[in-house]
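Participant: Sharing query.pdb here; it has PDB, C-alpha atoms and all ligand atoms.
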```pdb
MODEL        1
ATOM      1  CA  MET A   7     150.125-154.786 -11.551
ATOM      2  CA  ILE A   8     146.692-154.499 -13.120
ATOM      3  CA  GLY A   9     144.545-152.822 -10.502
ATOM      4  CA  SER A  10     144.483-151.175  -7.125
ATOM      5  CA  MET A  11     141.996-149.936  -4.526
ATOM      6  CA  ARG A  12     142.265-148.218  -1.171
ATOM      7  CA  TYR A  13     141.935-150.350   1.899
ATOM      8  CA  LYS A  14     141.697-148.944   5.411
ATOM      9  CA  GLU A  15     143.808-145.938   6.235
ATOM     10  CA  ALA A  16     147.153-146.663   4.683
ATOM     11  CA  ASP A  17     146.792-149.911   2.784
ATOM     12  CA  ARG A  18     145.896-150.926  -0.729
ATOM     13  CA  ILE A  19     144.499-154.067  -2.246
ATOM     14  CA  VAL A  20     146.371-154.604  -5.469
ATOM     15  CA  THR A  21     145.368-156.892  -8.314
ATOM     16  CA  LEU A  22     148.304-158.610  -9.932
ATOM     17  CA  TYR A  23     148.596-160.747 -12.999
ATOM     18  CA  THR A  24     151.402-163.155 -12.252
ATOM     19  CA  ARG A  25     153.357-165.558 -14.391
ATOM     20  CA  GLU A  26     153.200-168.257 -11.719
ATOM     21  CA  ARG A  27     149.652-168.010 -10.399
ATOM     22  CA  GLY A  28     147.647-165.925 -12.814
ATOM     23  CA  ARG A  29     145.378-163.194 -11.483
ATOM     24  CA  LEU A  30     145.373-162.632  -7.745
ATOM     25  CA  SER A  31     144.728-159.934  -5.183
ATOM     26  CA  ALA A  32     147.135-159.023  -2.424
ATOM     27  CA  ILE A  33     147.209-156.508   0.372
ATOM     28  CA  ALA A  34     150.028-153.992   0.299
ATOM     29  CA  ARG A  35     150.332-152.567   3.792
ATOM     30  CA  GLY A  36     151.337-149.016   4.518
ATOM     31  CA  VAL A  37     151.787-148.104   0.853
ATOM     32  CA  ARG A  38     149.953-144.820   1.188
ATOM     33  CA  ARG A  39     152.446-143.566   3.727
ATOM     34  CA  THR A  40     155.031-141.458   1.951
ATOM     35  CA  LYS A  41     158.050-143.327   3.274
ATOM     36  CA  SER A  42     156.734-146.750   2.249
ATOM     37  CA  LYS A  43     159.266-148.747   0.282
ATOM     38  CA  VAL A  44     156.674-150.881  -1.450
ATOM     39  CA  GLY A  45     154.260-148.093  -2.366
ATOM     40  CA  GLY A  46     156.003-146.204  -5.124
ATOM     41  CA  ARG A  47     156.908-149.430  -6.881
ATOM     42  CA  LEU A  48     153.376-150.730  -7.131
ATOM     43  CA  GLU A  49     152.058-148.660 -10.014
ATOM     44  CA  PRO A  50     149.656-149.926 -12.678
ATOM     45  CA  PHE A  51     151.433-151.422 -15.736
ATOM     46  CA  THR A  52     154.619-152.078 -13.749
ATOM     47  CA  LEU A  53     156.334-155.381 -14.363
ATOM     48  CA  ALA A  54     157.895-156.531 -11.123
ATOM     49  CA  GLN A  55     159.219-159.456  -9.201
ATOM     50  CA  ILE A  56     156.875-159.563  -6.233
ATOM     51  CA  SER A  57     157.315-161.551  -3.046
ATOM     52  CA  LEU A  58     154.058-162.584  -1.475
ATOM     53  CA  TYR A  59     153.228-163.975   1.913
ATOM     54  CA  SER A  60     150.279-166.314   1.761
ATOM     55  CA  GLY A  61     148.020-165.649   4.735
ATOM     56  CA  ARG A  62     144.820-167.416   5.680
ATOM     57  CA  SER A  63     142.571-165.498   3.340
ATOM     58  CA  LEU A  64     144.735-163.035   1.434
ATOM     59  CA  TYR A  65     148.211-162.608   0.087
ATOM     60  CA  THR A  66     150.403-159.870   1.509
ATOM     61  CA  VAL A  67     153.021-158.093  -0.577
ATOM     62  CA  VAL A  68     156.323-158.330   1.289
ATOM     63  CA  GLY A  69     158.734-157.240  -1.429
ATOM     64  CA  VAL A  70     158.755-155.542  -4.809
ATOM     65  CA  GLU A  71     161.648-155.527  -7.230
ATOM     66  CA  THR A  72     160.757-153.449 -10.277
ATOM     67  CA  LEU A  73     161.787-154.883 -13.642
ATOM     68  CA  ARG A  74     160.117-152.388 -16.006
ATOM     69  CA  THR A  75     157.970-149.404 -14.976
ATOM     70  CA  PHE A  76     156.545-148.706 -18.457
ATOM     71  CA  GLN A  77     156.351-145.108 -17.278
ATOM     72  CA  ALA A  78     155.660-143.945 -20.850
ATOM     73  CA  VAL A  79     152.171-145.470 -20.602
ATOM     74  CA  ARG A  80     151.345-143.199 -17.650
ATOM     75  CA  ASP A  81     153.043-140.142 -19.167
ATOM     76  CA  GLU A  82     150.620-139.619 -22.057
ATOM     77  CA  LEU A  83     146.847-139.506 -21.697
ATOM     78  CA  PHE A  84     146.197-141.371 -24.976
ATOM     79  CA  ARG A  85     148.365-144.272 -23.819
ATOM     80  CA  LEU A  86     146.880-144.242 -20.339
ATOM     81  CA  GLU A  87     143.317-144.406 -21.683
ATOM     82  CA  GLU A  88     144.098-147.351 -23.942
ATOM     83  CA  GLY A  89     146.135-148.967 -21.164
ATOM     84  CA  ALA A  90     143.126-148.758 -18.854
ATOM     85  CA  ARG A  91     141.105-150.777 -21.373
ATOM     86  CA  LEU A  92     143.821-153.397 -21.506
ATOM     87  CA  LEU A  93     144.075-153.754 -17.742
ATOM     88  CA  GLY A  94     140.281-153.779 -17.484
ATOM     89  CA  ALA A  95     140.172-156.703 -19.899
ATOM     90  CA  ALA A  96     142.845-158.495 -17.887
ATOM     91  CA  ARG A  97     140.967-157.966 -14.611
ATOM     92  CA  HIS A  98     137.654-159.166 -15.957
ATOM     93  CA  LEU A  99     138.742-161.941 -18.273
ATOM     94  CA  PHE A 100     141.298-163.956 -16.360
ATOM     95  CA  PRO A 101     140.040-166.477 -13.856
ATOM     96  CA  SER A 102     141.457-166.162 -10.365
ATOM     97  CA  GLU A 103     144.700-168.031  -9.652
ATOM     98  CA  GLU A 104     144.961-169.894 -12.891
ATOM     99  CA  ARG A 105     148.433-169.979 -14.352
ATOM    100  CA  ASN A 106     148.602-169.105 -18.043
ATOM    101  CA  ALA A 107     152.108-168.277 -19.256
ATOM    102  CA  PRO A 108     151.102-167.357 -22.845
ATOM    103  CA  ALA A 109     148.520-164.891 -21.488
ATOM    104  CA  PHE A 110     151.107-163.386 -19.128
ATOM    105  CA  ASN A 111     153.632-162.966 -21.935
ATOM    106  CA  LEU A 112     151.034-161.461 -24.232
ATOM    107  CA  LEU A 113     149.898-158.959 -21.613
ATOM    108  CA  ALA A 114     153.505-157.936 -20.910
ATOM    109  CA  ARG A 115     154.226-157.561 -24.646
ATOM    110  CA  GLY A 116     151.042-155.543 -25.119
ATOM    111  CA  VAL A 117     152.008-153.094 -22.368
ATOM    112  CA  ALA A 118     155.550-152.810 -23.764
ATOM    113  CA  LYS A 119     154.219-152.067 -27.257
ATOM    114  CA  LEU A 120     151.744-149.554 -25.866
ATOM    115  CA  ALA A 121     154.612-147.760 -24.095
ATOM    116  CA  GLU A 122     156.237-147.260 -27.518
ATOM    117  CA  ALA A 123     153.102-146.169 -29.393
ATOM    118  CA  PRO A 124     153.787-142.737 -30.934
ATOM    119  CA  ASP A 125     150.146-141.643 -31.319
ATOM    120  CA  ALA A 126     146.570-142.417 -30.316
ATOM    121  CA  ALA A 127     145.812-144.406 -33.481
ATOM    122  CA  GLU A 128     148.642-146.819 -32.894
ATOM    123  CA  ALA A 129     147.952-147.097 -29.162
ATOM    124  CA  SER A 130     144.390-148.059 -29.928
ATOM    125  CA  LYS A 131     145.477-150.593 -32.579
ATOM    126  CA  VAL A 132     147.964-152.238 -30.203
ATOM    127  CA  VAL A 133     145.441-152.517 -27.378
ATOM    128  CA  LEU A 134     142.676-153.800 -29.645
ATOM    129  CA  ALA A 135     144.987-156.470 -31.081
ATOM    130  CA  THR A 136     146.209-157.442 -27.603
ATOM    131  CA  ARG A 137     142.671-157.822 -26.283
ATOM    132  CA  LEU A 138     141.708-159.893 -29.320
ATOM    133  CA  LYS A 139     144.761-162.111 -28.836
ATOM    134  CA  LEU A 140     143.989-162.481 -25.128
ATOM    135  CA  LEU A 141     140.539-163.767 -26.056
ATOM    136  CA  ALA A 142     142.222-166.259 -28.386
ATOM    137  CA  VAL A 143     144.711-167.412 -25.743
ATOM    138  CA  LEU A 144     141.836-168.093 -23.355
ATOM    139  CA  GLY A 145     139.927-170.041 -25.985
ATOM    140  CA  TYR A 146     137.368-167.328 -26.758
ATOM    141  CA  ALA A 147     138.681-166.359 -30.176
ATOM    142  CA  PRO A 148     135.828-165.413 -32.457
ATOM    143  CA  ASP A 149     135.143-168.258 -34.867
ATOM    144  CA  LEU A 150     135.423-166.669 -38.292
ATOM    145  CA  GLY A 151     135.275-169.823 -40.405
ATOM    146  CA  SER A 152     131.678-170.949 -40.576
ATOM    147  CA  CYS A 153     128.325-169.838 -39.204
ATOM    148  CA  ALA A 154     128.328-170.255 -35.423
ATOM    149  CA  TYR A 155     124.631-171.171 -35.491
ATOM    150  CA  CYS A 156     124.090-173.591 -38.390
ATOM    151  CA  GLY A 157     127.703-174.486 -39.153
ATOM    152  CA  GLY A 158     127.212-173.638 -42.808
ATOM    153  CA  ASP A 159     129.572-171.563 -44.900
ATOM    154  CA  GLY A 160     127.001-169.203 -46.410
ATOM    155  CA  SER A 161     127.949-165.564 -46.756
ATOM    156  CA  VAL A 162     128.596-163.868 -43.425
ATOM    157  CA  PHE A 163     126.059-161.357 -42.176
ATOM    158  CA  GLY A 164     127.285-160.422 -38.731
ATOM    159  CA  PHE A 165     128.709-161.376 -35.380
ATOM    160  CA  SER A 166     127.019-162.926 -32.377
ATOM    161  CA  PRO A 167     128.759-162.302 -29.026
ATOM    162  CA  SER A 168     126.833-165.068 -27.281
ATOM    163  CA  LEU A 169     127.684-167.651 -29.955
ATOM    164  CA  GLY A 170     131.224-166.305 -30.154
ATOM    165  CA  GLY A 171     131.352-166.300 -33.930
ATOM    166  CA  VAL A 172     130.019-165.083 -37.222
ATOM    167  CA  VAL A 173     126.463-165.742 -38.329
ATOM    168  CA  CYS A 174     125.353-166.379 -41.911
ATOM    169  CA  GLU A 175     122.695-164.403 -43.727
ATOM    170  CA  SER A 176     119.963-167.008 -43.393
ATOM    171  CA  CYS A 177     120.467-167.444 -39.626
ATOM    172  CA  ALA A 178     120.820-163.742 -38.874
ATOM    173  CA  GLY A 179     117.079-163.105 -39.075
ATOM    174  CA  GLY A 180     116.200-165.850 -36.592
ATOM    175  CA  GLU A 181     115.219-165.105 -33.002
ATOM    176  CA  ALA A 182     117.920-167.368 -31.564
ATOM    177  CA  THR A 183     120.747-165.340 -32.987
ATOM    178  CA  ALA A 184     121.196-161.857 -31.600
ATOM    179  CA  CYS A 185     123.932-160.372 -33.712
ATOM    180  CA  PHE A 186     125.186-157.166 -35.265
ATOM    181  CA  ALA A 187     126.258-156.661 -38.857
ATOM    182  CA  LEU A 188     129.891-157.005 -39.768
ATOM    183  CA  SER A 189     131.596-155.836 -42.962
ATOM    184  CA  LEU A 190     133.995-157.968 -44.973
ATOM    185  CA  GLY A 191     136.689-155.416 -44.190
ATOM    186  CA  ALA A 192     136.166-155.969 -40.459
ATOM    187  CA  LEU A 193     136.410-159.753 -40.898
ATOM    188  CA  ALA A 194     139.645-159.412 -42.836
ATOM    189  CA  THR A 195     141.043-156.967 -40.258
ATOM    190  CA  MET A 196     140.206-159.338 -37.430
ATOM    191  CA  ARG A 197     142.087-162.172 -39.168
ATOM    192  CA  VAL A 198     145.095-159.926 -39.722
ATOM    193  CA  LEU A 199     145.142-158.752 -36.090
ATOM    194  CA  LEU A 200     144.874-162.326 -34.817
ATOM    195  CA  GLU A 201     147.630-163.626 -37.059
ATOM    196  CA  SER A 202     150.153-160.768 -36.973
ATOM    197  CA  PRO A 203     152.658-160.311 -34.164
ATOM    198  CA  LEU A 204     152.139-157.102 -32.158
ATOM    199  CA  ALA A 205     155.522-155.900 -33.368
ATOM    200  CA  ASP A 206     154.255-155.757 -36.971
ATOM    201  CA  LEU A 207     151.196-153.615 -36.267
ATOM    202  CA  GLY A 208     152.936-150.253 -36.435
ATOM    203  CA  ALA A 209     153.658-150.557 -40.145
ATOM    204  CA  MET A 210     150.171-151.812 -40.919
ATOM    205  CA  ASP A 211     147.633-149.558 -42.523
ATOM    206  CA  VAL A 212     144.176-150.510 -41.261
ATOM    207  CA  ASP A 213     140.843-148.980 -42.135
ATOM    208  CA  GLU A 214     139.385-146.978 -39.221
ATOM    209  CA  ARG A 215     135.825-148.172 -39.811
ATOM    210  CA  ALA A 216     136.909-151.804 -39.847
ATOM    211  CA  LEU A 217     138.779-151.232 -36.582
ATOM    212  CA  ALA A 218     135.665-149.750 -35.010
ATOM    213  CA  GLU A 219     133.725-152.890 -35.936
ATOM    214  CA  VAL A 220     136.449-155.147 -34.542
ATOM    215  CA  GLU A 221     136.363-153.058 -31.367
ATOM    216  CA  GLN A 222     132.666-153.873 -31.065
ATOM    217  CA  VAL A 223     133.337-157.601 -31.515
ATOM    218  CA  VAL A 224     136.082-157.537 -28.888
ATOM    219  CA  SER A 225     134.253-155.445 -26.293
ATOM    220  CA  GLN A 226     131.038-157.451 -26.606
ATOM    221  CA  THR A 227     132.886-160.777 -26.466
ATOM    222  CA  LEU A 228     134.762-159.532 -23.392
ATOM    223  CA  ALA A 229     131.505-158.455 -21.787
ATOM    224  CA  TYR A 230     130.015-161.867 -22.509
ATOM    225  CA  HIS A 231     132.908-163.891 -21.082
ATOM    226  CA  GLY A 232     134.099-161.489 -18.405
ATOM    227  CA  HIS A 233     133.167-161.665 -14.756
TER     228      HIS A 233
HETATM  229 ZN    ZN B 301     123.881-170.015 -40.374
ENDMDL
END
```
Rewrite the coordinates I just gave you, this time as structure tokens.
Facilitator:
Amino acid sequence: MIGSMRYKEADRIVTLYTRERGRLSAIARGVRRTKSKVGGRLEPFTLAQISLYSGRSLYTVVGVETLRTFQAVRDELFRLEEGARLLGAARHLFPSEERNAPAFNLLARGVAKLAEAPDAAEASKVVLATRLKLLAVLGYAPDLGSCAYCGGDGSVFGFSPSLGGVVCESCAGGEATACFALSLGALATMRVLLESPLADLGAMDVDERALAEVEQVVSQTLAYHGH
């Protein structure tokens, strides 16, 4: 479950990311009544087998069988804050009702890794890497090879969210290429995060400043492609 909002007196509209149908919204009736069977099981981050009834305009949740609650994400503020970024990316990036099994698996692995993160630094690294990998799975991976504007392989100056890649020094001054500067350390970090499995991140020592730059690349690329 990746999002939820109140609806009428006792209902909620929940946003789910499903293995079978991608992102979708469904109405969960009566969940805000204390004796509701569905309610307590529909928490953000929960991995569940959900039965849906397909109505004329909206799905209705008719059954929830919890597989993993990932309660640890909700138990610590630093995990919850990072988790909110991850779910936000999932809500805004995935197109509605488009099946994407690799994206589903990645999101589930990201939440599982976040649940195990011992401190804020690791939680932030896991979520940054997961968001970067989600961009890649959806075909929006930043192009780090050659200049996204001229195609040349001159030395890299910065990153352009609208072009979705790095920009060389000679193109960076031009009006057509709005970009921000990127250090070599950030470029290297981005490659490492894209290529390493989430499970390996814990042992990895990454420069904080480089991570902050990668964060800027990821959040601006998300903002550009999100809806
Ligand atoms: Zn160029």
Participant: Residues near Asp81 in chain A, anyone? I mean within 12 Å using only C-alpha atoms, not counting same-chain ones fewer than 5 positions away, as a PyMOL selection string.
Facilitator: chain A and resi 51+75-76+86-87+89+120-123
Participant: So, counting all atoms listed in the file, which residue among A:Ala178, A:Leu228, A:Ala16, A:Cys185 is closest to ligand ZN 301 (chain B)?
Facilitator: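 Using all atoms listed in the file, the shortest distance to ligand ZN 301 (chain B) belongs to A:Ala178.
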Participant: Which one is closest to Gly160 in chain A: A:Cys177, A:Val143, A:Pro148, A:Arg39? Count all atoms listed in the file.
Facilitator: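 Of the candidates, the smallest distance to Gly160 in chain A is held by A:Cys177.
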Participant: The PyMOL selection byres (((not hetatm)) within 7 of (chain B and resi 301)) on the file shown: which residues, as a list in words?
Facilitator: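 In the shown coordinates, the PyMOL selection byres (((not hetatm)) within 7 of (chain B and resi 301)) covers Cys153, Ala154, Tyr155, Cys156, Gly157, Gly158, Gly160, Val173, Cys174, Glu175, Ser176 and Cys177 of chain A.
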Participant: On this structure, which residues satisfy the PyMOL selection byres (((chain A and resi 217) around 9) and not hetatm), written as a VMD selection string?
Facilitator: chain A and resid 131 134 191 to 192 195 to 196 212 to 216 218 to 222
Participant: Run the PyMOL selection byres (((chain A and resi 67) around 10) and not hetatm) against the file shown and list the residues it catches, as a ChimeraX atom specification.
Facilitator: /A:19-20,31-35,44,48,56-60,64-66,68-70
Participant: Please compute the CA of Ile8 in chain A-CA of Phe165 in chain A distance, one decimal, in Å.
Facilitator: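 So the two atoms, CA of Ile8 in chain A and CA of Phe165 in chain A, lie 29.4 Å apart.
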Participant: Compare A:Tyr230, A:Phe84, A:Phe163, A:Phe110 by their minimum atom-to-atom distance to Leu22 in chain A, counting only C-alpha atoms, and give me the closest one.
Facilitator: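 Between A:Tyr230, A:Phe84, A:Phe163, A:Phe110, the residue approaching Leu22 in chain A most closely is A:Phe110.
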Participant: Taking all listed atoms of range 118-137 of chain A, build the axis-aligned box, pad each of the six sides by 4 Å, then write its centre and edge lengths in Å to one decimal as JSON.
Facilitator:
```
{"center_x": 149.5, "center_y": -149.7, "center_z": -28.6, "size_x": 21.6, "size_y": 24.2, "size_z": 17.7}
```
Participant: Quick one: distance from CA of Thr72 in chain A to CA of Pro101 in chain A in Å, one decimal?
Facilitator: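 CA of Pro101 in chain A lies at a distance of 24.7 Å from CA of Thr72 in chain A.
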Participant: Just give me the gap between CA of Arg91 in chain A and CA of Arg137 in chain A in Å, one decimal is fine.
Facilitator: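 Atom-to-atom, CA of Arg91 in chain A and CA of Arg137 in chain A are spaced 8.7 Å apart.
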Participant: Go through A:Leu53, A:Ala135, A:Leu144, A:Ala90 one by one, measure the shortest atom-to-atom distance of each to Asn106 in chain A using only C-alpha atoms, and give the residue with the smallest value.
Facilitator: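 So, comparing all the options, the nearest one is A:Leu144.
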Participant: Excluding same-chain residues fewer than 5 positions from Glu104 in chain A, what lies within 8 Å of it counting all atoms listed in the file, as a PyMOL selection string?
Facilitator: chain A and resi 27-29
Participant: Which residue gives the smallest distance to Ala194 in chain A among A:Pro167, A:Gly180, A:Gly151, A:Gly208, with all atoms listed in the file counted?
Facilitator: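 Result for the nearest residue to Ala194 in chain A: A:Gly151.
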Participant: Which is closest to Arg105 in chain A among A:Val223, A:Ala229, A:Leu30, A:Leu138, if we use only C-alpha atoms?
Facilitator: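 Smallest separation from Arg105 in chain A among the options: A:Leu30.
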